[in-house]
file entry_0.csv (CSV, C-alpha atoms)
chain,number,residue,atom,x,y,z
A,138,MET,CA,202.7,252.1,129.0
A,139,LYS,CA,203.6,249.2,126.6
A,140,ARG,CA,204.5,247.0,129.6
A,141,LYS,CA,201.2,247.8,131.3
A,142,LEU,CA,199.3,247.1,128.2
A,143,LYS,CA,201.1,243.7,127.7
A,144,ALA,CA,200.4,242.8,131.4
A,145,TYR,CA,196.7,243.8,131.0
A,146,THR,CA,196.4,241.7,127.8
A,147,LEU,CA,198.1,238.7,129.5
A,148,THR,CA,195.7,239.0,132.5
A,149,ILE,CA,192.7,238.9,130.1
A,150,LEU,CA,194.0,235.9,128.2
A,151,VAL,CA,194.7,234.0,131.4
A,152,ALA,CA,191.2,234.8,132.7
A,153,LEU,CA,189.6,233.6,129.5
A,154,GLY,CA,191.6,230.4,129.6
A,155,LEU,CA,190.6,229.7,133.2
A,156,VAL,CA,186.9,230.3,132.4
A,157,ALA,CA,187.1,227.9,129.4
A,158,GLY,CA,188.9,225.3,131.6
A,159,MET,CA,186.4,225.7,134.4
A,160,TYR,CA,183.5,225.3,132.0
A,161,HIS,CA,185.0,222.2,130.5
A,162,PHE,CA,185.7,220.4,133.8
A,163,SER,CA,182.3,221.5,135.1
A,164,ARG,CA,180.6,219.8,132.2
A,165,MET,CA,182.8,216.7,132.6
A,166,ALA,CA,181.9,216.5,136.3
A,167,GLU,CA,178.2,216.8,135.5
A,168,SER,CA,178.7,214.0,132.9
A,169,LYS,CA,180.2,211.8,135.6
A,170,GLN,CA,177.3,212.4,137.9
A,171,GLU,CA,174.8,211.6,135.1
A,172,GLN,CA,176.8,208.5,134.3
A,173,ASN,CA,176.1,207.2,137.8
A,174,CYS,CA,172.4,207.9,137.4
A,175,PHE,CA,172.4,206.1,134.0
A,176,GLU,CA,174.3,203.1,135.3
A,177,THR,CA,171.6,202.2,137.9
A,178,ALA,CA,170.0,199.4,135.9
A,179,ASP,CA,166.5,199.7,137.5
A,180,SER,CA,166.3,203.5,137.4
A,181,PRO,CA,163.7,205.2,135.1
A,182,VAL,CA,166.6,206.9,133.2
A,183,SER,CA,168.4,203.6,132.4
A,184,GLN,CA,165.2,201.9,131.5
A,185,ARG,CA,164.3,204.6,129.0
A,186,LEU,CA,167.8,204.5,127.6
A,187,ARG,CA,167.6,200.7,127.2
A,188,GLN,CA,164.1,200.9,125.6
A,189,VAL,CA,165.4,203.3,123.0
A,190,LEU,CA,168.5,201.3,122.2
A,191,ASP,CA,166.5,198.1,122.0
A,192,SER,CA,164.1,199.7,119.5
A,193,ILE,CA,166.9,201.1,117.1
A,194,THR,CA,169.9,198.6,117.4
A,195,ASP,CA,170.5,194.9,117.4
A,196,GLU,CA,173.5,192.6,117.9
A,197,GLY,CA,173.9,192.1,114.2
A,198,MET,CA,174.9,195.8,113.7
A,199,ASN,CA,178.5,196.9,113.4
A,200,ARG,CA,179.8,199.9,115.4
A,201,VAL,CA,179.2,202.4,112.6
A,202,GLU,CA,175.6,201.3,112.2
A,203,LYS,CA,174.9,201.6,115.9
A,204,ILE,CA,176.4,205.1,116.0
A,205,LYS,CA,174.3,206.1,113.0
A,206,ALA,CA,171.1,204.7,114.6
A,207,VAL,CA,171.7,206.8,117.7
A,208,HIS,CA,172.6,209.8,115.7
A,209,ASP,CA,169.4,209.5,113.6
A,210,TRP,CA,167.1,208.8,116.6
A,211,MET,CA,168.4,211.9,118.4
A,212,VAL,CA,167.9,214.2,115.4
A,213,LYS,CA,164.3,212.9,115.0
A,214,ASN,CA,163.5,213.0,118.7
A,215,ILE,CA,165.4,215.9,120.1
A,216,GLU,CA,164.5,219.5,119.5
A,217,TYR,CA,167.0,222.3,119.9
A,218,ASP,CA,166.2,224.4,122.9
A,219,VAL,CA,166.0,228.0,121.7
A,220,THR,CA,165.5,229.1,125.4
A,221,TYR,CA,168.9,227.6,126.3
A,222,LYS,CA,167.6,226.0,129.5
A,223,GLN,CA,167.8,222.2,128.9
A,224,HIS,CA,171.4,221.0,129.4
A,225,SER,CA,171.6,217.6,131.0
A,226,ALA,CA,171.4,214.2,129.4
A,227,GLU,CA,168.5,213.2,131.6
A,228,GLU,CA,166.5,216.3,130.6
A,229,THR,CA,167.3,215.7,127.0
A,230,LEU,CA,166.1,212.1,127.1
A,231,PHE,CA,162.9,212.7,129.0
A,232,ASN,CA,161.9,216.1,127.6
A,233,GLY,CA,163.1,215.8,124.1
A,234,ILE,CA,164.7,219.2,124.1
A,235,ALA,CA,168.3,220.4,124.6
A,236,VAL,CA,171.1,222.8,123.9
A,237,CYS,CA,174.4,221.4,122.6
A,238,THR,CA,175.6,220.1,125.9
A,239,GLY,CA,172.4,218.0,126.3
A,240,TYR,CA,172.9,216.5,122.8
A,241,ALA,CA,176.6,215.7,123.5
A,242,ASP,CA,176.0,214.3,127.0
A,243,LEU,CA,173.1,212.1,125.9
A,244,PHE,CA,175.1,210.8,122.9
A,245,TYR,CA,177.9,210.0,125.3
A,246,GLN,CA,175.4,208.0,127.5
A,247,PHE,CA,174.1,206.1,124.5
A,248,MET,CA,177.7,205.2,123.4
A,249,HIS,CA,178.6,204.2,127.0
A,250,ALA,CA,175.6,201.8,127.1
A,251,LEU,CA,176.7,200.3,123.7
A,252,LYS,CA,180.3,200.0,125.0
A,253,ILE,CA,181.6,202.2,122.3
A,254,PRO,CA,184.5,204.4,123.4
A,255,CYS,CA,183.3,208.0,123.4
A,256,ILE,CA,184.1,211.3,125.0
A,257,PRO,CA,182.2,214.7,125.2
A,258,LEU,CA,184.2,217.6,123.9
A,259,VAL,CA,183.8,221.3,124.7
A,260,GLY,CA,185.4,224.1,122.8
A,261,TYR,CA,184.9,227.2,120.6
A,262,VAL,CA,183.3,227.2,117.2
A,263,TYR,CA,183.0,229.3,114.0
A,264,LYS,CA,185.9,230.8,112.1
A,265,ASP,CA,186.5,233.5,114.8
A,266,LEU,CA,186.1,230.9,117.6
A,267,SER,CA,183.6,233.2,119.3
A,268,VAL,CA,181.0,230.7,120.6
A,269,LYS,CA,181.2,227.9,123.2
A,270,HIS,CA,179.9,224.6,121.9
A,271,ALA,CA,179.9,220.8,122.8
A,272,TRP,CA,180.2,217.8,120.6
A,273,ASN,CA,181.7,214.2,120.8
A,274,ALA,CA,184.5,212.0,119.6
A,275,VAL,CA,184.1,208.2,119.1
A,276,LEU,CA,186.7,205.5,118.6
A,277,LEU,CA,186.2,203.1,115.8
A,278,GLU,CA,187.7,199.6,115.2
A,279,ASP,CA,190.5,201.1,112.9
A,280,GLY,CA,192.0,202.7,116.0
A,281,ASN,CA,191.1,206.3,115.0
A,282,TRP,CA,188.9,208.8,116.7
A,283,TYR,CA,186.2,210.5,114.7
A,284,TYR,CA,184.1,213.5,115.5
A,285,VAL,CA,180.3,213.5,115.8
A,286,ASP,CA,178.2,216.6,116.3
A,287,VAL,CA,174.5,215.6,116.6
A,288,CYS,CA,173.4,219.1,117.6
A,289,TRP,CA,174.7,220.6,114.4
A,290,ASP,CA,173.3,217.7,112.4
A,291,ASP,CA,169.9,218.7,113.8
A,292,PRO,CA,169.7,222.2,112.2
A,293,LEU,CA,167.0,224.7,112.8
A,294,ARG,CA,164.6,225.2,109.8
A,295,THR,CA,162.0,227.8,109.1
A,296,THR,CA,158.5,226.5,109.5
A,297,ASP,CA,156.6,229.7,109.2
A,298,PRO,CA,156.0,231.5,105.9
A,299,SER,CA,157.3,234.7,107.5
A,300,GLY,CA,160.7,233.0,107.8
A,301,ILE,CA,160.9,234.0,111.4
A,302,VAL,CA,159.9,230.9,113.4
A,303,LYS,CA,162.6,228.2,113.4
A,304,THR,CA,162.7,224.8,114.9
A,305,SER,CA,164.7,221.5,114.7
A,306,ASP,CA,161.6,219.4,115.5
A,307,PHE,CA,161.1,217.4,112.3
A,308,PRO,CA,160.1,213.8,113.4
A,309,ASP,CA,160.2,212.7,109.8
A,310,GLY,CA,163.8,213.6,109.5
A,311,ARG,CA,163.5,216.2,106.8
A,312,ASN,CA,166.3,218.2,108.5
A,313,LEU,CA,168.5,215.2,109.1
A,314,SER,CA,172.1,216.0,108.2
A,315,TYR,CA,175.4,214.0,108.2
A,316,LYS,CA,177.7,217.0,107.7
A,317,TYR,CA,179.3,216.4,111.1
A,318,PHE,CA,178.9,212.6,111.3
A,319,LEU,CA,182.2,210.6,111.8
A,320,VAL,CA,184.3,213.4,110.4
A,321,GLY,CA,188.1,213.9,110.8
A,322,SER,CA,190.2,216.8,112.1
A,323,LYS,CA,190.6,218.3,108.6
A,324,THR,CA,186.8,219.1,108.6
A,325,MET,CA,186.4,220.0,112.2
A,326,ASN,CA,189.5,222.2,112.5
A,327,LYS,CA,188.1,224.6,109.9
A,328,GLU,CA,185.7,226.1,112.4
A,329,ARG,CA,186.3,224.8,115.9
A,330,LYS,CA,188.9,224.3,118.6
A,331,PRO,CA,188.3,221.9,121.5
A,332,ASP,CA,189.6,222.6,125.0
A,333,LEU,CA,191.0,219.1,125.2
A,334,LEU,CA,191.6,216.4,122.6
A,335,PRO,CA,191.0,212.6,122.9
A,336,GLU,CA,194.1,210.6,123.7
A,337,GLY,CA,195.2,208.6,120.7
A,338,ASN,CA,195.2,209.0,117.0
A,339,ILE,CA,192.6,211.4,115.5
A,340,SER,CA,191.7,210.7,111.9
A,341,LYS,CA,192.5,213.6,109.6
A,342,ALA,CA,190.1,212.4,106.9
A,343,ASP,CA,186.3,211.9,107.2
A,344,LEU,CA,185.1,208.3,107.4
A,345,ASN,CA,183.4,207.0,104.3
A,346,TRP,CA,180.7,205.6,106.6
A,347,LYS,CA,178.2,204.7,103.9
A,348,LYS,CA,180.4,201.8,102.9
A,349,ARG,CA,180.0,200.4,106.4
A,350,ILE,CA,176.2,200.4,106.4
A,351,THR,CA,174.9,196.9,105.6
A,352,GLN,CA,171.6,197.0,107.5
A,353,LYS,CA,168.7,199.3,106.4
A,354,LYS,CA,166.8,199.4,109.7
A,355,GLU,CA,164.7,202.5,109.7
A,356,VAL,CA,164.9,204.7,112.8
A,357,LYS,CA,161.6,206.2,113.6
A,358,LYS,CA,160.3,208.7,116.2
A,359,TYR,CA,160.1,207.0,119.6
A,360,GLU,CA,156.4,207.3,120.5
A,361,GLU,CA,156.5,206.6,124.2
A,362,LYS,CA,157.1,209.8,126.2
call {"tool": "encode", "arguments": {"input": "entry_0.csv", "output": "structure tokens"}}
result
Amino acid sequence: MKRKLKAYTLTILVALGLVAGMYHFSRMAESKQEQNCFETADSPVSQRLRQVLDSITDEGMNRVEKIKAVHDWMVKNIEYDVTYKQHSAEETLFNGIAVCTGYADLFYQFMHALKIPCIPLVGYVYKDLSVKHAWNAVLLEDGNWYYVDVCWDDPLRTTDPSGIVKTSDFPDGRNLSYKYFLVGSKTMNKERKPDLLPEGNISKADLNWKKRITQKKEVKKYEEK
């Protein structure tokens, strides 16, 4: 009986691992397809991406400032999809609504356009690692990878006196958070485990990013839809 139980348990664990792996590589494959779409310079997708970047970044910005500008723009312009239907970077960019994979994939596309090394990550979150989630890692000039989770920095807030209705749509940035902006493994490992890690050195400590901000260019809501 014990042998049968062990065999059954092993089968379940292997199955879960395969599902997680399939999900991860499926999302990576979709990101590759989306990248081809975004790399076509005259496509509506690439034009919109470039318009946004031209409005929030400039050549005088350092890498941290550019990353922050994209982070802030996304929080102010993207609303979390409580229907869980909007997943792709293209849908996120044009519709302004997404689940975590949409946030992570669009952030990746922004970083790719800015020539900042970045990868989308997929894994499990919360202390019991019970929920699938997506976020990113970016490589800074110090040679370390840092984590960015724009989705969790765009938290849902109650807008109704009843306390029932929640949204992350606050164009004025009232819900803007930096809890998961350029943080290290010490912070992230408390409540999440990615399926794969970036190759290279991952910073243990959070970046003191405020010391890197020299420009005070305000990121506003992008009006053209």
call {"tool": "atom_distance", "arguments": {"input": "entry_0.csv", "atom1": "CA of Phe231 (chain A)", "atom2": "CA of His249 (chain A)"}}
result
18.0 Å
call {"tool": "atom_distance", "arguments": {"input": "entry_0.csv", "atom1": "CA of Pro331 (chain A)", "atom2": "CA of Trp289 (chain A)"}}
result
15.4 Å
call {"tool": "closest_atom_pairs", "arguments": {"input": "entry_0.csv", "of": "region 220-262 of chain A", "to": "region 198-213 of chain A", "cutoff": "10 Å", "atoms": "all atoms listed in the file", "output": "tab-separated table"}}
result
residue	atom	partner	partner_atom	distance
A:Thr229	CA	A:Met211	CA	9.5
A:Leu230	CA	A:Met211	CA	9.0
A:Gly233	CA	A:Met211	CA	8.7
A:Ile234	CA	A:Met211	CA	10.0
A:Tyr240	CA	A:Met211	CA	7.8
A:Leu243	CA	A:Met211	CA	8.9
A:Phe244	CA	A:Val207	CA	7.4
A:Phe247	CA	A:Val207	CA	7.2
A:Met248	CA	A:Ile204	CA	7.5
A:Leu251	CA	A:Lys203	CA	8.1
A:Lys252	CA	A:Arg200	CA	9.6
A:Ile253	CA	A:Arg200	CA	7.5
call {"tool": "atom_distance", "arguments": {"input": "entry_0.csv", "atom1": "CA of Phe318 (chain A)", "atom2": "CA of Ile350 (chain A)"}}
result
13.4 Å
call {"tool": "closest_residue", "arguments": {"input": "entry_0.csv", "among": "A:Leu344, A:Ala226, A:Ile215, A:Val285", "to": "Ser183 (chain A)", "atoms": "only C-alpha atoms"}}
result
A:Ala226
call {"tool": "residues_around", "arguments": {"input": "entry_0.csv", "residues": "region 264-273 of chain A", "least_positions_apart": "3", "cutoff": "10 Å", "atoms": "only C-alpha atoms", "output": "ChimeraX atom specification"}}
result
/A:157,160-161,164,236-242,244-245,255-261,282-289,317,319,326-331,335
call {"tool": "closest_residue", "arguments": {"input": "entry_0.csv", "among": "A:Ala250, A:Asp291, A:Val275, A:Asn312", "to": "Ala235 (chain A)", "atoms": "all atoms listed in the file"}}
result
A:Asp291
call {"tool": "closest_residue", "arguments": {"input": "entry_0.csv", "among": "A:Gly280, A:Pro292, A:Pro254, A:Pro181", "to": "Asp218 (chain A)", "atoms": "only C-alpha atoms"}}
result
A:Pro292
